[in-house]
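Heads up, the thing below is written out as structure tokens.
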Amino acid sequence: MDKQLNIHYQEFADENALPLQDRELLRQAETMASKAYAPYSRFKVGAAVRLANGVVVCGSNQENAAYPSGLCAERVAVFSAAANYPDQAIEALAITTQAEKASGDPVAPCGACRQSILEYEHKFQQPIRVILRGKNGTILVLDSVRSLLPFQFSAEDMGL
């Protein structure tokens with residue numbers, strides 16, 4: 001039996017079409033990308049998480065010569081938010097990249113980050129809006145990280 005999977009997202013040519021809160025979140029993610037520690041890949045990523053209480057928590061990728069000891073920007077931001085504000089749901093996550101040799105298109109989180117972000121959708125039983133922008137200015141907005149990980153793994157799969 002053949003089936004088809006469709007992913008809904010919005011595409012914007014520039015940030016001016018976004019709500020003010022999303023524009024501000026993107027700008028904070030962009031600032032964080034400039035602070036990334038990426039001496040090996042030269043692929044700088046910044047992330048900014050907006051919590052239900054309005055607090056914004058940021059992160060950038062942190063590489064390490066002892067690969068894979070580094071951590072992606074998305075997990076730095078999400079884990080920091082969860083550690084410091086454990087009772088606050090994540091409403092939105094903005095991710096930006098700055099890479100010398102990359103295409104400039106928006107880059108989605110890696111699989112480990114997708115699964116980590118999804119954990120917080122499950123925990124709070126509400127979607128996390130994902131906003132992606134690359135160097136060329138194009139912005140993609142997804143209503144939920146589930147759109148990036150349609151075949152997901154959960155505690156229920158383990159019988160928990």
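Every chain in the structure tokens takes a letter, A first, then B, and so on in the order presented; its residues are numbered from 1, and the ligands are numbered from 1 following the presented order.
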
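Residues with any atom within 10 Å of Thr97 of chain A, counting only C-alpha atoms and excluding same-chain neighbours fewer than 5 positions away, are Ala29, Glu30, Met32, Ala33, Ser34, Ala36, Phe43, Lys44, Val45, Gly46, Ala47, Ser60, Ala73, Ala102, Gly104, Asp105, Pro106, Val107, Ala108, Leu132, Arg133, Gly134, Lys135 and Asn136 of chain A.
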
Those same residues, written as a PDB file, in the first residue's frame with C-alpha atoms?
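Done, and the output landed in result_31.pdb:
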```pdb
ATOM      1  CA  ALA A  29      18.968  33.549  17.074  1.00  0.00           C
ATOM      2  CA  GLU A  30      21.032  35.457  14.522  1.00  0.00           C
ATOM      3  CA  MET A  32      23.681  33.758  18.814  1.00  0.00           C
ATOM      4  CA  ALA A  33      24.894  32.319  15.501  1.00  0.00           C
ATOM      5  CA  SER A  34      27.579  34.999  15.433  1.00  0.00           C
ATOM      6  CA  ALA A  36      28.864  30.081  17.945  1.00  0.00           C
ATOM      7  CA  PHE A  43      28.968  26.231  10.257  1.00  0.00           C
ATOM      8  CA  LYS A  44      27.579  28.609  12.850  1.00  0.00           C
ATOM      9  CA  VAL A  45      24.073  28.064  14.179  1.00  0.00           C
ATOM     10  CA  GLY A  46      22.057  30.169  16.588  1.00  0.00           C
ATOM     11  CA  ALA A  47      18.806  29.277  18.318  1.00  0.00           C
ATOM     12  CA  SER A  60      24.662  28.497  19.784  1.00  0.00           C
ATOM     13  CA  ALA A  73      22.505  25.259  19.070  1.00  0.00           C
ATOM     14  CA  ALA A 102      26.525  26.606   2.729  1.00  0.00           C
ATOM     15  CA  GLY A 104      22.226  30.004   2.316  1.00  0.00           C
ATOM     16  CA  ASP A 105      18.850  28.261   2.466  1.00  0.00           C
ATOM     17  CA  PRO A 106      17.183  27.600   5.824  1.00  0.00           C
ATOM     18  CA  VAL A 107      18.612  24.537   7.536  1.00  0.00           C
ATOM     19  CA  ALA A 108      16.391  22.275   9.629  1.00  0.00           C
ATOM     20  CA  LEU A 132      14.087  28.653  10.162  1.00  0.00           C
ATOM     21  CA  ARG A 133      16.251  31.168   8.295  1.00  0.00           C
ATOM     22  CA  GLY A 134      19.487  30.794   6.366  1.00  0.00           C
ATOM     23  CA  LYS A 135      21.835  33.446   5.001  1.00  0.00           C
ATOM     24  CA  ASN A 136      19.715  34.247   1.942  1.00  0.00           C
TER      25      ASN A 136
END
```

- Message: Report as a list in words all protein, DNA and RNA residues lying within 10 Å of Ile117 of chain A, evaluated on only C-alpha atoms, omitting residues in the same chain fewer than 6 positions from it.
- Response: Glu74, Arg75, Ala77, Val78, Phe79, Ile90, Leu93, Pro109, Gly111, Ile128, Val130, Ser144, Val145 and Arg146 of chain A

- Message: Just want the 9 Å neighbourhood of Ser154 of chain A, counted on only C-alpha atoms, with same-chain residues fewer than 5 positions away dropped. Output as a list in words.
- Response: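 Everything that qualifies: Gln115, Leu118, Glu119, His122 and Leu160 of chain A.
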
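Between atom CA of Asp143 of chain A and atom CA of His8 of chain A lies a distance of 8.1 Å.
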
- Message: Using only C-alpha atoms, can you tell me which of A:Leu140, A:Leu25, A:Ala81, A:Val76 comes closest to Gln10 of chain A?
- Response: A:Leu140

- Query: What is the distance between atom CA of Tyr40 of chain A and atom CA of Leu26 of chain A, in Å to one decimal?
  - Reply: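 Here the two named atoms are 24.6 Å from each other.
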
- Message: Among chain A, which residues does DSSP mark as helix (DSSP H, G or I) when it is run on the backbone? Keep the chain and numbering as in the structure and answer as a ChimeraX atom specification.
- Response: /A:15-17,20-34,73-84,111-124,145-147,155-158

Keeping only C-alpha atoms, write the selected residues as a short mmCIF file (atom, residue, chain, number, x, y, z; two decimals), in the first residue's frame.
```
data_model
loop_
_atom_site.label_atom_id
_atom_site.label_comp_id
_atom_site.auth_asym_id
_atom_site.auth_seq_id
_atom_site.Cartn_x
_atom_site.Cartn_y
_atom_site.Cartn_z
CA GLU A 15 11.06 38.80 8.18
CA ASN A 16 8.74 41.79 7.76
CA ALA A 17 5.84 39.43 7.00
CA LEU A 20 6.86 41.00 15.78
CA GLN A 21 7.56 38.27 18.37
CA ASP A 22 8.89 35.95 15.63
CA ARG A 23 11.06 38.69 14.12
CA GLU A 24 12.58 39.40 17.53
CA LEU A 25 13.20 35.70 18.10
CA LEU A 26 14.96 35.41 14.73
CA ARG A 27 17.16 38.40 15.52
CA GLN A 28 18.20 36.84 18.82
CA ALA A 29 18.97 33.55 17.07
CA GLU A 30 21.03 35.46 14.52
CA THR A 31 23.02 37.16 17.27
CA MET A 32 23.68 33.76 18.81
CA ALA A 33 24.89 32.32 15.50
CA SER A 34 27.58 35.00 15.43
CA ALA A 73 22.51 25.26 19.07
CA GLU A 74 18.97 23.92 19.25
CA ARG A 75 19.72 21.53 22.10
CA VAL A 76 21.81 24.12 23.94
CA ALA A 77 18.81 26.49 23.91
CA VAL A 78 16.11 23.89 24.60
CA PHE A 79 18.01 22.14 27.39
CA SER A 80 18.94 25.45 29.00
CA ALA A 81 15.30 26.53 28.91
CA ALA A 82 14.18 23.23 30.42
CA ALA A 83 16.83 23.37 33.14
CA ASN A 84 16.13 26.97 34.15
CA GLY A 111 17.61 14.27 13.87
CA ALA A 112 18.87 14.33 17.46
CA CYS A 113 17.68 17.91 17.86
CA ARG A 114 14.30 17.13 16.30
CA GLN A 115 13.77 14.30 18.77
CA SER A 116 14.95 16.46 21.69
CA ILE A 117 12.62 19.32 20.78
CA LEU A 118 9.76 16.89 20.26
CA GLU A 119 10.19 15.68 23.83
CA TYR A 120 9.02 19.10 25.03
CA GLU A 121 6.01 19.06 22.71
CA HIS A 122 5.08 15.75 24.35
CA LYS A 123 5.82 17.01 27.87
CA PHE A 124 3.61 20.10 27.59
CA VAL A 145 8.31 20.12 15.22
CA ARG A 146 6.16 17.06 14.39
CA SER A 147 6.26 18.32 10.81
CA ALA A 155 7.99 7.19 25.79
CA GLU A 156 4.73 5.47 24.83
CA ASP A 157 6.69 3.45 22.25
CA MET A 158 8.71 2.05 25.16
#
```
